[in-house]
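Next comes model25.tsv, a file with TSV, C-alpha atoms.
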```
chain	number	residue	atom	x	y	z
A	1	MET	CA	-45.18	140.49	-6.16
A	2	SER	CA	-44.86	138.87	-2.72
A	3	ASP	CA	-47.69	137.01	-0.99
A	4	ALA	CA	-47.37	139.64	1.78
A	5	LEU	CA	-48.44	142.33	-0.68
A	6	PRO	CA	-51.76	141.51	-2.28
A	7	ARG	CA	-52.76	143.48	-5.34
A	8	GLY	CA	-54.77	146.60	-4.60
A	9	ALA	CA	-54.67	150.37	-4.76
A	10	ARG	CA	-52.94	152.32	-2.04
A	11	LEU	CA	-53.84	155.75	-0.63
A	12	GLY	CA	-51.38	158.34	0.65
A	13	VAL	CA	-52.50	160.97	3.15
A	14	ASP	CA	-50.71	164.21	4.06
A	15	VAL	CA	-52.34	165.57	7.24
A	16	GLY	CA	-52.01	169.33	7.54
A	17	LYS	CA	-53.42	171.90	9.93
A	18	ALA	CA	-55.99	173.23	7.46
A	19	ARG	CA	-56.01	170.73	4.58
A	20	ILE	CA	-55.37	167.05	3.93
A	21	GLY	CA	-53.79	165.94	0.69
A	22	LEU	CA	-54.79	162.62	-0.87
A	23	ALA	CA	-52.90	160.58	-3.42
A	24	GLY	CA	-53.72	157.21	-4.92
A	25	SER	CA	-51.92	154.45	-6.73
A	26	ASP	CA	-52.80	151.95	-9.39
A	27	PRO	CA	-53.79	148.43	-8.19
A	28	ASP	CA	-50.21	147.20	-8.71
A	29	GLY	CA	-48.76	149.95	-6.51
A	30	LEU	CA	-46.42	151.33	-9.14
A	31	VAL	CA	-47.22	155.04	-9.46
A	32	ALA	CA	-48.68	157.60	-7.06
A	33	THR	CA	-50.95	160.31	-8.47
A	34	PRO	CA	-52.80	163.23	-6.86
A	35	VAL	CA	-56.46	162.67	-5.92
A	36	GLU	CA	-57.82	165.69	-4.05
A	37	THR	CA	-57.44	168.11	-1.17
A	38	VAL	CA	-59.85	167.67	1.74
A	39	ALA	CA	-60.68	170.43	4.23
A	40	ARG	CA	-59.45	169.51	7.72
A	41	VAL	CA	-61.98	169.33	10.55
A	42	LEU	CA	-60.21	170.57	13.67
A	43	SER	CA	-62.97	170.20	16.24
A	44	VAL	CA	-63.59	166.51	16.91
A	45	PRO	CA	-66.68	165.80	19.02
A	46	THR	CA	-66.92	162.60	21.03
A	47	THR	CA	-69.76	160.11	21.21
A	48	THR	CA	-71.56	159.26	24.44
A	49	ASP	CA	-69.04	156.42	24.82
A	50	GLY	CA	-66.17	158.94	24.77
A	51	ILE	CA	-64.98	157.76	21.35
A	52	PRO	CA	-64.11	160.47	18.80
A	53	ALA	CA	-66.95	160.94	16.32
A	54	VAL	CA	-66.37	160.41	12.61
A	55	THR	CA	-65.64	163.80	11.09
A	56	ALA	CA	-66.25	164.83	7.47
A	57	ASP	CA	-62.54	164.65	6.59
A	58	VAL	CA	-62.14	161.10	7.93
A	59	ALA	CA	-65.42	160.06	6.27
A	60	ARG	CA	-64.24	161.45	2.90
A	61	ILE	CA	-60.93	159.59	3.03
A	62	ALA	CA	-62.66	156.39	4.14
A	63	ALA	CA	-65.07	156.73	1.20
A	64	GLU	CA	-62.13	157.14	-1.18
A	65	ALA	CA	-60.46	154.05	0.30
A	66	ALA	CA	-63.67	152.08	-0.20
A	67	ASP	CA	-64.23	153.40	-3.74
A	68	ARG	CA	-60.72	152.36	-4.73
A	69	SER	CA	-60.83	149.06	-2.79
A	70	ALA	CA	-57.62	150.22	-1.14
A	71	ALA	CA	-55.29	147.53	0.15
A	72	VAL	CA	-53.55	149.95	2.55
A	73	VAL	CA	-53.61	153.62	3.57
A	74	TYR	CA	-50.30	155.37	4.22
A	75	VAL	CA	-50.42	158.43	6.47
A	76	GLY	CA	-47.41	160.74	6.62
A	77	LEU	CA	-45.77	161.09	10.02
A	78	PRO	CA	-44.09	164.51	10.32
A	79	ARG	CA	-40.99	164.03	12.44
A	80	HIS	CA	-38.37	166.68	13.17
A	81	LEU	CA	-35.21	166.42	11.07
A	82	SER	CA	-33.55	164.89	14.15
A	83	GLY	CA	-36.14	162.08	14.04
A	84	ASN	CA	-37.84	163.26	17.22
A	85	GLU	CA	-41.61	163.61	17.40
A	86	GLY	CA	-43.45	166.83	18.19
A	87	ALA	CA	-46.96	168.30	18.24
A	88	ALA	CA	-47.51	167.76	14.50
A	89	THR	CA	-46.51	164.09	14.92
A	90	ALA	CA	-49.01	163.64	17.75
A	91	ASP	CA	-51.71	165.28	15.62
A	92	ALA	CA	-50.98	162.98	12.66
A	93	ARG	CA	-51.02	159.92	14.94
A	94	GLU	CA	-54.37	160.96	16.42
A	95	PHE	CA	-55.86	161.55	12.96
A	96	ALA	CA	-54.47	158.26	11.65
A	97	GLY	CA	-55.99	156.43	14.63
A	98	ARG	CA	-59.43	157.83	13.88
A	99	LEU	CA	-58.99	156.96	10.19
A	100	ALA	CA	-57.87	153.41	11.05
A	101	ARG	CA	-61.07	152.83	13.03
A	102	GLU	CA	-63.15	154.02	10.08
A	103	VAL	CA	-61.41	152.06	7.29
A	104	ASP	CA	-60.97	148.82	9.26
A	105	PRO	CA	-60.12	146.13	8.08
A	106	VAL	CA	-57.94	148.11	5.63
A	107	PRO	CA	-54.57	148.59	7.36
A	108	VAL	CA	-53.26	152.09	8.06
A	109	HIS	CA	-49.49	152.59	8.20
A	110	LEU	CA	-47.57	155.64	9.38
A	111	VAL	CA	-44.60	156.55	7.18
A	112	ASP	CA	-41.87	159.13	7.73
A	113	GLU	CA	-42.62	162.29	5.78
A	114	ARG	CA	-39.67	164.53	6.65
A	115	MET	CA	-39.15	167.20	3.98
A	116	THR	CA	-42.12	166.19	1.79
A	117	THR	CA	-43.72	169.65	1.77
A	118	VAL	CA	-40.37	171.28	0.97
A	119	THR	CA	-39.83	168.74	-1.83
A	120	ALA	CA	-43.37	169.29	-3.12
A	121	HIS	CA	-42.83	173.08	-3.28
A	122	ALA	CA	-39.55	172.56	-5.15
A	123	GLN	CA	-41.16	170.18	-7.64
A	124	LEU	CA	-44.05	172.55	-8.29
A	125	ARG	CA	-41.65	175.49	-8.80
A	126	SER	CA	-39.54	173.44	-11.22
A	127	ALA	CA	-42.74	172.55	-13.11
A	128	GLY	CA	-43.36	176.27	-13.61
A	129	ARG	CA	-46.12	176.78	-11.04
A	130	LYS	CA	-46.00	180.10	-9.25
A	131	THR	CA	-45.64	179.85	-5.47
A	132	VAL	CA	-48.91	181.72	-4.91
A	133	LYS	CA	-50.72	178.99	-6.88
A	134	HIS	CA	-49.22	176.12	-4.83
A	135	ARG	CA	-51.74	176.30	-1.97
A	136	PRO	CA	-54.57	174.38	-3.70
A	137	VAL	CA	-52.29	171.51	-4.74
A	138	ILE	CA	-49.33	171.46	-2.32
A	139	ASP	CA	-51.04	169.00	0.03
A	140	GLN	CA	-51.81	166.65	-2.88
A	141	ALA	CA	-48.21	166.94	-4.09
A	142	ALA	CA	-46.93	166.11	-0.59
A	143	ALA	CA	-49.32	163.12	-0.43
A	144	VAL	CA	-47.95	161.90	-3.78
A	145	ILE	CA	-44.40	162.06	-2.40
A	146	ILE	CA	-45.43	160.21	0.79
A	147	LEU	CA	-47.19	157.51	-1.22
A	148	GLN	CA	-44.44	157.13	-3.83
A	149	HIS	CA	-41.83	156.68	-1.08
A	150	ALA	CA	-44.04	154.00	0.51
A	151	LEU	CA	-44.52	152.25	-2.85
A	152	ASP	CA	-40.76	152.30	-3.48
A	153	ALA	CA	-40.14	150.89	0.03
A	154	GLU	CA	-42.71	148.13	-0.61
A	155	ARG	CA	-40.92	147.07	-3.78
A	156	ALA	CA	-37.52	147.17	-2.08
A	157	SER	CA	-38.54	145.18	1.01
A	158	GLY	CA	-41.48	143.06	-0.16
A	159	THR	CA	-43.49	144.25	2.85
A	160	ARG	CA	-45.70	147.21	3.72
A	161	ALA	CA	-43.80	150.37	4.59
A	162	GLY	CA	-43.90	152.11	7.94
A	163	GLU	CA	-45.56	151.44	11.27
A	164	ARG	CA	-48.93	149.68	11.22
A	165	LEU	CA	-51.64	151.16	13.43
A	166	GLU	CA	-54.13	148.98	15.19
A	167	SER	CA	-57.73	150.11	14.62
```

Can you give me the file's structure in the form of structure tokens?
Amino acid sequence: MSDALPRGARLGVDVGKARIGLAGSDPDGLVATPVETVARVLSVPTTTDGIPAVTADVARIAAEAADRSAAVVYVGLPRHLSGNEGAATADAREFAGRLAREVDPVPVHLVDERMTTVTAHAQLRSAGRKTVKHRPVIDQAAAVIILQHALDAERASGTRAGERLES
């Protein structure tokens, strides 16, 4: 493994409108596995300084990063198929920014997540799960796909995947 990639677990985050999927890796960054689904907090109060307050969803993910001694957190960036950014992209960027402030000094990277939910649904169907039963785990499955793509990109390039956010 390259000097640029110290050993340590990685977290993958799939930010949805109602739920956030979490996935984790082993300390060598070989395999992504599902962790949990976190309820999304949509109303974000601000502090007296005008800074967004730490919400329960961000606090839960930060706690998971600390518990796992995460080396990096990868947050999926939902772009349109054309590559353009839309409202969901802006929402993911805003969430990732709040998360980056909370997990600092652990780096947060945004990685392209086009088609991950579609792929997750297809994988769950092929595994024999009924579509109606996907809801509790679809976000975790999407987070696994996001994280596994990032892990594969790390191995291929020797560097962290995606766009690093400043905290």

Using all atoms listed in the file, can you list as a VMD selection string the residues within 10 Å of (-50.9, 167.7, 7.8)? chain A and resid 13 to 21 40 75 to 78 88 to 89 91 to 92 95 117 139 142 to 143

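Nearest-residue note for A:Glu113: choosing from A:Ala71, A:Ile145, A:Ala23, A:Ile138, the minimum distance belongs to A:Ile145, counting only C-alpha atoms.
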
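Minimum atom-to-atom distances from A:His149, A:Arg93, A:His109, A:Arg7 to A:Asp28 were compared using all atoms listed in the file, and the lowest value belongs to A:Arg7.
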
The residues within 6 Å of (-53.1, 157.9, 0.8), using only C-alpha atoms and the coordinates of the file, should be reported as an mmCIF file with C-alpha atoms, in the frame of the given file; which are they?
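Heads up, here's the output in part-v4.cif:
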```
data_model
loop_
_atom_site.group_PDB
_atom_site.id
_atom_site.type_symbol
_atom_site.label_atom_id
_atom_site.label_comp_id
_atom_site.auth_asym_id
_atom_site.auth_seq_id
_atom_site.Cartn_x
_atom_site.Cartn_y
_atom_site.Cartn_z
ATOM 1 C CA LEU A 11 -53.840 155.750 -0.630
ATOM 2 C CA GLY A 12 -51.380 158.340 0.650
ATOM 3 C CA VAL A 13 -52.500 160.970 3.150
ATOM 4 C CA LEU A 22 -54.790 162.620 -0.870
ATOM 5 C CA ALA A 23 -52.900 160.580 -3.420
ATOM 6 C CA GLY A 24 -53.720 157.210 -4.920
ATOM 7 C CA VAL A 73 -53.610 153.620 3.570
ATOM 8 C CA TYR A 74 -50.300 155.370 4.220
#
```

Residue contacts of A:Pro105 (12 Å, all atoms listed in the file) excluding same-chain residues fewer than 6 positions away, as JSON, numbers by chain: {"A": [62, 65, 66, 69, 70, 71, 72, 73, 99, 165, 166, 167]}

Please, what distance in Å, to one decimal, runs between atom CA of A:Ala56 and atom CA of A:Val103?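 That distance, rounded to one decimal, is 13.7 Å.
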
Shell around A:Arg164 at 8 Å using all atoms listed in the file, local window under 4 positions removed, as a list in words: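 Counting all atoms listed in the file, the residues come to Pro107, Val108, His109 and Leu110 of chain A.
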
Between A:Arg98, A:Gly86, A:Arg79, A:Arg60, which one has atoms that come closest to A:Pro45, using only C-alpha atoms?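 Checking each of A:Arg98, A:Gly86, A:Arg79, A:Arg60 against A:Pro45, counting only C-alpha atoms, the winner is A:Arg98.
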
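The smallest atom-to-atom distance between A:Ile61 and any of A:Leu30, A:Ala161, A:Ala100, A:Leu42, using only C-alpha atoms, is found for A:Ala100.
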
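One distance worth recording is that between atom CA of A:Ala90 and atom CA of A:Gly8, which is 28.7 Å.
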
Selected residue of minimal separation from A:Val137 among A:Ala59, A:Val41, A:Val35, A:Ala53, counting all atoms listed in the file: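 Distance minimum relative to A:Val137 lands on A:Val35.
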
Just how far from atom CA of A:Asp112 is atom CA of A:Glu163, in Å to one decimal?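 Atom CA of A:Glu163 sits 9.2 Å away from atom CA of A:Asp112.
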